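K.L.:
What follows is model20.txt; its format and atoms are compact mmCIF, C-alpha atoms.
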```txt
# COMPACT_ATOMS: atom_id res chain seq x y z
CA MET A 135 -30.65 -12.79 22.41
CA LEU A 136 -27.37 -14.70 22.17
CA SER A 137 -27.75 -17.97 20.28
CA PRO A 138 -26.51 -21.31 21.64
CA PHE A 139 -23.21 -22.56 20.26
CA LYS A 140 -22.99 -24.71 17.15
CA ALA A 141 -23.37 -28.13 18.83
CA PHE A 142 -27.08 -27.44 19.42
CA LYS A 143 -28.98 -28.88 16.46
CA ASP A 144 -32.54 -28.26 17.71
CA PRO A 145 -32.42 -25.93 20.75
CA ILE A 146 -35.69 -25.40 22.56
CA ILE A 147 -36.76 -23.45 25.64
CA ILE A 148 -37.99 -25.95 28.23
CA ASP A 149 -41.74 -25.62 28.79
CA GLU A 150 -43.68 -27.64 31.37
CA GLU A 151 -46.78 -28.12 29.23
CA GLU A 152 -45.15 -28.68 25.88
CA HIS A 153 -42.34 -30.94 27.12
CA LYS A 154 -43.99 -32.83 29.99
CA ASP A 155 -43.13 -36.17 28.34
CA LEU A 156 -39.70 -35.20 27.07
CA ARG A 157 -36.80 -37.51 27.94
CA ILE A 158 -33.22 -36.43 27.33
CA VAL A 159 -30.19 -38.65 26.76
CA LYS A 160 -26.85 -37.12 27.74
CA PRO A 161 -24.12 -38.14 25.25
CA ASP A 162 -21.47 -40.61 26.41
CA ASP A 163 -18.70 -38.71 24.65
CA TYR A 164 -18.06 -35.37 22.95
CA SER A 165 -18.60 -36.42 19.35
CA PHE A 166 -21.23 -33.70 19.10
CA MET A 167 -18.30 -31.25 19.22
CA LYS A 168 -16.41 -32.57 16.19
CA GLU A 169 -17.44 -29.69 13.90
CA VAL A 170 -17.60 -26.95 16.55
CA GLU A 171 -14.97 -24.27 16.06
CA ILE A 172 -15.75 -21.75 18.82
CA VAL A 173 -17.56 -21.73 22.17
CA PRO A 174 -18.38 -18.90 24.62
CA LEU A 175 -16.54 -18.77 27.95
CA THR A 176 -17.48 -17.99 31.53
CA PHE A 177 -15.38 -15.95 33.93
CA SER A 178 -14.08 -18.71 36.22
CA GLU A 179 -12.57 -20.68 33.34
CA LEU A 180 -10.82 -17.87 31.46
CA LEU A 181 -7.44 -18.51 33.06
CA SER A 182 -7.42 -22.29 32.62
CA VAL A 183 -8.94 -22.31 29.13
CA SER A 184 -6.50 -19.68 27.84
CA MET A 185 -3.63 -22.00 28.77
CA TYR A 186 -4.73 -24.50 26.08
CA TYR A 187 -6.95 -22.67 23.59
CA PRO A 188 -6.71 -19.36 21.73
CA VAL A 189 -9.10 -16.94 23.46
CA MET A 190 -10.46 -13.84 21.76
CA PHE A 191 -13.44 -11.53 22.07
CA GLY A 192 -16.38 -10.93 19.79
CA ILE A 193 -19.09 -8.29 19.70
CA PHE A 194 -22.78 -9.12 19.43
CA GLU A 195 -25.56 -6.54 19.69
CA GLY A 196 -23.09 -4.06 21.12
CA GLU A 197 -21.81 -6.34 23.89
CA ILE A 198 -18.40 -7.97 24.17
CA PHE A 199 -17.96 -11.63 25.07
CA PRO A 200 -14.94 -13.99 25.16
CA PHE A 201 -14.75 -17.21 23.19
CA ALA A 202 -12.32 -20.08 22.78
CA VAL A 203 -11.20 -21.28 19.35
CA LEU A 204 -11.36 -25.08 19.14
CA GLY A 205 -10.65 -25.50 15.47
CA ILE A 206 -10.98 -24.16 11.95
CA ASN A 207 -12.71 -25.10 8.71
CA GLY A 208 -15.37 -27.19 10.43
CA LYS A 209 -12.93 -29.34 12.40
CA ASN A 210 -12.40 -29.37 16.16
CA VAL A 211 -8.68 -30.12 16.42
CA TYR A 212 -8.89 -30.80 20.17
CA LEU A 213 -11.12 -33.85 19.70
CA ASN A 214 -9.71 -37.33 19.04
CA GLU A 215 -11.25 -40.04 16.87
CA GLU A 216 -13.00 -41.60 19.88
CA GLY A 217 -14.85 -38.37 20.62
CA PHE A 218 -12.86 -37.21 23.63
CA PHE A 219 -10.78 -34.10 24.20
CA LYS A 220 -7.00 -34.34 23.88
CA VAL A 221 -6.46 -31.81 26.68
CA ASP A 222 -7.65 -31.82 30.29
CA VAL A 223 -9.49 -28.49 30.23
CA ILE A 224 -12.94 -28.63 28.62
CA PRO A 225 -15.08 -25.45 28.37
CA LYS A 226 -18.07 -25.40 30.71
CA VAL A 227 -20.73 -25.03 28.03
CA VAL A 228 -19.47 -28.26 26.49
CA LYS A 229 -19.72 -30.18 29.77
CA ASN A 230 -23.28 -28.90 30.31
CA TYR A 231 -24.53 -30.01 26.89
CA PRO A 232 -27.27 -30.91 25.90
CA PHE A 233 -28.45 -28.23 28.32
CA GLY A 234 -27.43 -24.60 28.30
CA VAL A 235 -28.46 -21.03 28.94
CA VAL A 236 -28.96 -18.11 26.59
CA ARG A 237 -28.90 -14.48 27.62
CA LYS A 238 -31.82 -12.22 26.76
CA LYS A 239 -31.45 -8.51 27.39
CA GLU A 240 -34.14 -5.88 27.02
CA GLY A 241 -32.97 -2.46 28.12
CA GLU A 242 -31.35 -2.91 31.51
CA ALA A 243 -33.22 -6.15 32.24
CA VAL A 244 -31.25 -9.37 31.77
CA GLU A 245 -32.83 -12.82 31.73
CA TRP A 246 -31.09 -16.19 31.47
CA ILE A 247 -33.19 -18.81 29.74
CA VAL A 248 -32.70 -22.57 30.09
CA ILE A 249 -32.53 -24.51 26.84
CA VAL A 250 -32.02 -28.13 25.81
CA ASP A 251 -31.11 -29.72 22.50
CA LYS A 252 -34.18 -31.70 21.45
CA ALA A 253 -31.90 -33.67 19.13
CA CYS A 254 -30.89 -35.60 22.29
CA GLU A 255 -34.43 -36.81 22.94
CA GLY A 256 -34.68 -40.56 23.54
CA GLU A 257 -36.93 -43.12 25.19
CA GLU A 258 -34.10 -44.23 27.48
CA GLY A 259 -33.38 -40.71 28.64
CA PHE A 260 -34.12 -38.85 31.86
CA ARG A 261 -37.57 -37.33 32.25
CA LEU A 262 -37.65 -33.57 32.67
CA PHE A 263 -41.02 -33.60 34.42
CA GLU A 264 -42.87 -35.96 36.72
CA GLY A 265 -46.54 -35.10 36.50
CA ASP A 266 -46.87 -31.36 37.06
CA GLU A 267 -43.49 -31.06 38.79
CA GLU A 268 -39.94 -30.79 37.60
CA SER A 269 -38.09 -34.07 37.96
CA ASP A 270 -35.16 -34.38 40.36
CA TYR A 271 -32.97 -34.68 37.28
CA LEU A 272 -34.15 -31.35 35.86
CA LYS A 273 -33.81 -29.68 39.27
CA SER A 274 -30.20 -30.85 39.45
CA VAL A 275 -29.51 -29.62 35.91
CA LYS A 276 -31.10 -26.22 36.59
CA SER A 277 -29.00 -25.84 39.73
CA GLU A 278 -25.84 -26.30 37.66
CA LEU A 279 -27.16 -23.96 34.98
CA THR A 280 -27.84 -21.28 37.59
CA GLU A 281 -24.15 -21.39 38.48
CA LEU A 282 -23.31 -21.26 34.79
CA ALA A 283 -25.49 -18.19 34.26
CA LEU A 284 -23.90 -16.41 37.24
CA ASP A 285 -20.48 -17.24 35.82
CA PHE A 286 -21.52 -15.82 32.45
CA GLN A 287 -22.78 -12.68 34.14
CA ARG A 288 -19.38 -12.26 35.80
CA VAL A 289 -17.65 -12.57 32.45
CA TYR A 290 -19.79 -9.75 31.06
CA GLU A 291 -18.76 -7.57 34.00
CA PHE A 292 -15.12 -8.49 33.38
CA THR A 293 -15.24 -7.67 29.66
CA GLN A 294 -17.05 -4.40 30.30
CA GLU A 295 -14.35 -3.35 32.74
CA ILE A 296 -11.33 -4.22 30.60
CA ALA A 297 -13.00 -2.63 27.57
CA ARG A 298 -13.58 0.54 29.60
CA LEU A 299 -9.88 0.54 30.49
CA ASN A 300 -8.97 0.10 26.78
CA LEU A 301 -7.30 -3.27 27.36
CA LEU A 302 -8.78 -4.76 24.21
CA LYS A 303 -7.77 -3.97 20.66
CA PRO A 304 -9.45 -4.91 17.36
CA ILE A 305 -7.56 -7.07 14.94
CA ASP A 306 -7.93 -8.86 11.61
CA PHE A 307 -5.59 -11.76 10.95
CA THR A 308 -5.16 -15.05 9.14
CA VAL A 309 -4.09 -18.33 10.76
CA SER A 310 -2.30 -21.01 8.73
CA THR A 311 -2.17 -24.56 10.11
CA LYS A 312 -1.96 -28.10 8.77
CA HIS A 313 -5.76 -28.06 8.89
CA GLY A 314 -5.87 -25.12 6.50
CA LYS A 315 -6.25 -21.37 6.82
CA ALA A 316 -8.82 -19.34 8.73
CA GLU A 317 -9.50 -15.62 8.64
CA PHE A 318 -10.60 -13.76 11.75
CA ARG A 319 -12.25 -10.42 11.16
CA ARG A 320 -13.41 -7.77 13.62
CA VAL A 321 -12.29 -9.71 16.70
CA LEU A 322 -10.68 -8.28 19.83
CA ILE A 323 -7.60 -9.52 21.67
CA GLY A 324 -5.96 -8.53 24.93
CA ASP A 325 -3.70 -5.48 24.80
CA VAL A 326 -1.12 -5.74 27.59
CA GLU A 327 0.85 -2.82 26.15
CA ALA A 328 -2.02 -0.59 27.24
CA LEU A 329 -1.32 -1.54 30.86
CA SER A 330 1.64 0.86 30.88
CA ARG A 331 -0.79 3.73 30.36
CA ILE A 332 -3.17 2.82 33.18
CA GLN A 333 -3.23 4.83 36.38
CA PRO A 334 -1.71 3.03 39.41
CA GLU A 335 -5.02 2.80 41.26
CA LYS A 336 -6.64 1.10 38.26
CA LEU A 337 -3.72 -1.29 37.98
CA TYR A 338 -4.15 -2.09 41.66
CA PHE A 339 -7.83 -2.80 41.05
CA LEU A 340 -7.00 -5.16 38.18
CA ASN A 341 -4.54 -7.02 40.36
CA SER A 342 -6.70 -7.23 43.48
CA SER A 343 -9.77 -8.32 41.51
CA GLY A 344 -7.84 -11.14 39.82
CA TYR A 345 -8.33 -9.56 36.40
CA LEU A 346 -4.66 -8.82 35.73
CA PRO A 347 -3.36 -12.41 35.34
CA ILE A 348 -6.38 -13.19 33.16
CA VAL A 349 -5.60 -10.27 30.85
CA TYR A 350 -2.02 -11.52 30.45
CA SER A 351 -3.09 -15.12 29.95
CA ILE A 352 -5.62 -14.19 27.26
CA TYR A 353 -3.02 -12.01 25.54
CA PHE A 354 -0.56 -14.90 25.30
CA SER A 355 -3.25 -17.44 24.42
CA VAL A 356 -3.12 -16.47 20.75
CA ARG A 357 0.10 -18.49 20.62
CA ASN A 358 -2.02 -21.60 21.19
CA PHE A 359 -2.84 -21.63 17.49
CA LYS A 360 0.53 -23.37 17.22
CA LEU A 361 -1.01 -26.29 19.12
CA PHE A 362 -3.27 -26.91 16.13
CA ASP A 363 -0.23 -28.43 14.39
CA LEU A 364 0.92 -30.41 17.43
CA ILE A 365 -2.07 -32.09 19.05
```
Is it possible to give me this structure as structure tokens?
P.N.:
Amino acid sequence: MLSPFKAFKDPIIIDEEEHKDLRIVKPDDYSFMKEVEIVPLTFSELLSVSMYYPVMFGIFEGEIFPFAVLGINGKNVYLNEEGFFKVDVIPKVVKNYPFGVVRKKEGEAVEWIVIVDKACEGEEGFRLFEGDEESDYLKSVKSELTELALDFQRVYEFTQEIARLNLLKPIDFTVSTKHGKAEFRRVLIGDVEALSRIQPEKLYFLNSSGYLPIVYSIYFSVRNFKLFDLI
């Protein structure tokens, strides 16, 4: 099972019996992200996120997934002192916090599980359950998380396809910024040079599916490490 990203301090799977009295307070700002260095990405945001953040791919339990780099050495460089992002594009998992989804795969079966960070529990928060029923608040949250899970599923299909076409290449490298150095090991980046070796019908598929501009954008996104010294 994929773990939630670093902002989750006490992630729990929502259970009607165990959490019938649980109230959750949604943070007013993004201070919970101040030490978060990477977050996973969904398909629909790959193009916009790669315009501002470095985007690379990791491998977990044999599956490839994309992630955005928000900082290094325990510092999110995109966050200002007031706890807000310095750029307009904010990754979806961040905006959904303190709720999220994790992917559980057993064989060919895939299940998306709703989680919440119990660290955001508070008496002034929204109830998740009203009696034996889900509250309207939780229903609204789960509706958004369903869209998030579908978007994550699309990103897995995307990464599987570009990996099958050999459009990803492994790399080890070191980044030096005013915030210090960071080493990246066993990550994957886009390989646009491989496009010249793809058969025309496959290239047509990449273009018609909308994958081609994303591949290029992710490839060039590595240059966004330079923003670490500017923002």
K.L.:
Which one of A:Met190, A:Leu156, A:Leu322, A:Ala141 sits closest to Phe263 in chain A if you count all atoms listed in the file?
P.N.:
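Among A:Met190, A:Leu156, A:Leu322, A:Ala141, it is A:Leu156 that comes nearest to Phe263 in chain A.
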K.L.:
Calculated over all atoms listed in the file, which of the candidates A:Asn214, A:Asn230, A:Asn300, A:Thr293 has the smallest distance to Ser274 in chain A?
P.N.:
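When distances to Ser274 in chain A are compared using all atoms listed in the file, the smallest one comes from A:Asn230.
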K.L.:
Please identify all polymer residues within 8 Å of Pro188 in chain A, counting all atoms listed in the file, omitting same-chain residues fewer than 2 positions from it, and present them as a VMD selection string.
P.N.:
chain A and resid 184 186 190 202 to 204 352 355 to 359
K.L.:
Can you pull out the residues contacting Phe199 in chain A? Cut-off 8 Å, using only C-alpha atoms, and skip same-chain residues under 3 positions away; I want them as a list in words.
P.N.:
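Once the nearby chain positions are removed, what remains is Pro174, Leu175, Phe191, Gly192, Ile193, Phe194, Val289, Tyr290 and Thr293 of chain A.
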K.L.:
Please save C-alpha atoms of the selected residues as an mmCIF file, in the frame of the given file.
P.N.:
```cif
data_model
loop_
_atom_site.group_PDB
_atom_site.id
_atom_site.type_symbol
_atom_site.label_atom_id
_atom_site.label_comp_id
_atom_site.auth_asym_id
_atom_site.auth_seq_id
_atom_site.Cartn_x
_atom_site.Cartn_y
_atom_site.Cartn_z
ATOM 1 C CA PRO A 174 -18.380 -18.900 24.620
ATOM 2 C CA LEU A 175 -16.540 -18.770 27.950
ATOM 3 C CA PHE A 191 -13.440 -11.530 22.070
ATOM 4 C CA GLY A 192 -16.380 -10.930 19.790
ATOM 5 C CA ILE A 193 -19.090 -8.290 19.700
ATOM 6 C CA PHE A 194 -22.780 -9.120 19.430
ATOM 7 C CA VAL A 289 -17.650 -12.570 32.450
ATOM 8 C CA TYR A 290 -19.790 -9.750 31.060
ATOM 9 C CA THR A 293 -15.240 -7.670 29.660
#
```
K.L.:
Pick out the closest residue to Leu364 in chain A from this set: A:Val211, A:Ile148, A:Leu282, A:Ile158. Count only C-alpha atoms.
P.N.:
A:Val211
K.L.:
Can you sort out the box for range 264-268 of chain A, edges along x, y and z, all listed atoms in, 6 Å on every side, with centre and edge lengths in Å to one decimal, as lines of an AutoDock Vina configuration file?
P.N.:
```
center_x = -43.4
center_y = -33.4
center_z = 37.6
size_x = 18.9
size_y = 17.2
size_z = 14.3
```
K.L.:
Got a sec: who's within 12 Å of Val173 in chain A, counting only C-alpha atoms, leaving out chain neighbours fewer than 4 positions off, as a PyMOL selection string?
P.N.:
chain A and resi 137-142+167+169+183+187-192+199-205+210+224-229+231+234
K.L.:
From the list A:Gly344, A:Glu317, A:Leu361, A:Ile296, which residue is nearest Ile332 in chain A when using all atoms listed in the file?
P.N.:
A:Ile296
K.L.:
Could you state the separation of CA of Glu281 in chain A and CA of Lys336 in chain A in Å, given to one decimal place?
P.N.:
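It comes out at 28.5 Å.
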K.L.:
With all atoms listed in the file as the basis for distance, which of A:Leu181, A:Leu301, A:Ala253, A:Leu262 is at the shortest distance from Val223 in chain A?
P.N.:
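For Val223 in chain A, the nearest of the given residues is A:Leu181.
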K.L.:
Pick out the closest residue to Gly259 in chain A from this set: A:Arg157, A:Asp144, A:Gly324, A:Ser277. Count only C-alpha atoms.
P.N.:
A:Arg157
K.L.:
So the first atom is CA of Arg261 in chain A and the second is CA of Val275 in chain A; what is the distance between them in Å, to one decimal place?
P.N.:
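One can read the CA of Arg261 in chain A to CA of Val275 in chain A distance as 11.7 Å.
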K.L.:
Please compute the CA of Glu171 in chain A-CA of Gly196 in chain A distance, one decimal, in Å.
P.N.:
22.4 Å
K.L.:
Identify, on the basis of only C-alpha atoms, every residue whose closest approach to Lys252 in chain A does not exceed 8 Å; exclude the query and any residue fewer than 2 positions from it along the same chain; express the result as JSON, numbers by chain.
P.N.:
{"A": [143, 144, 145, 146, 158, 250, 254, 255]}
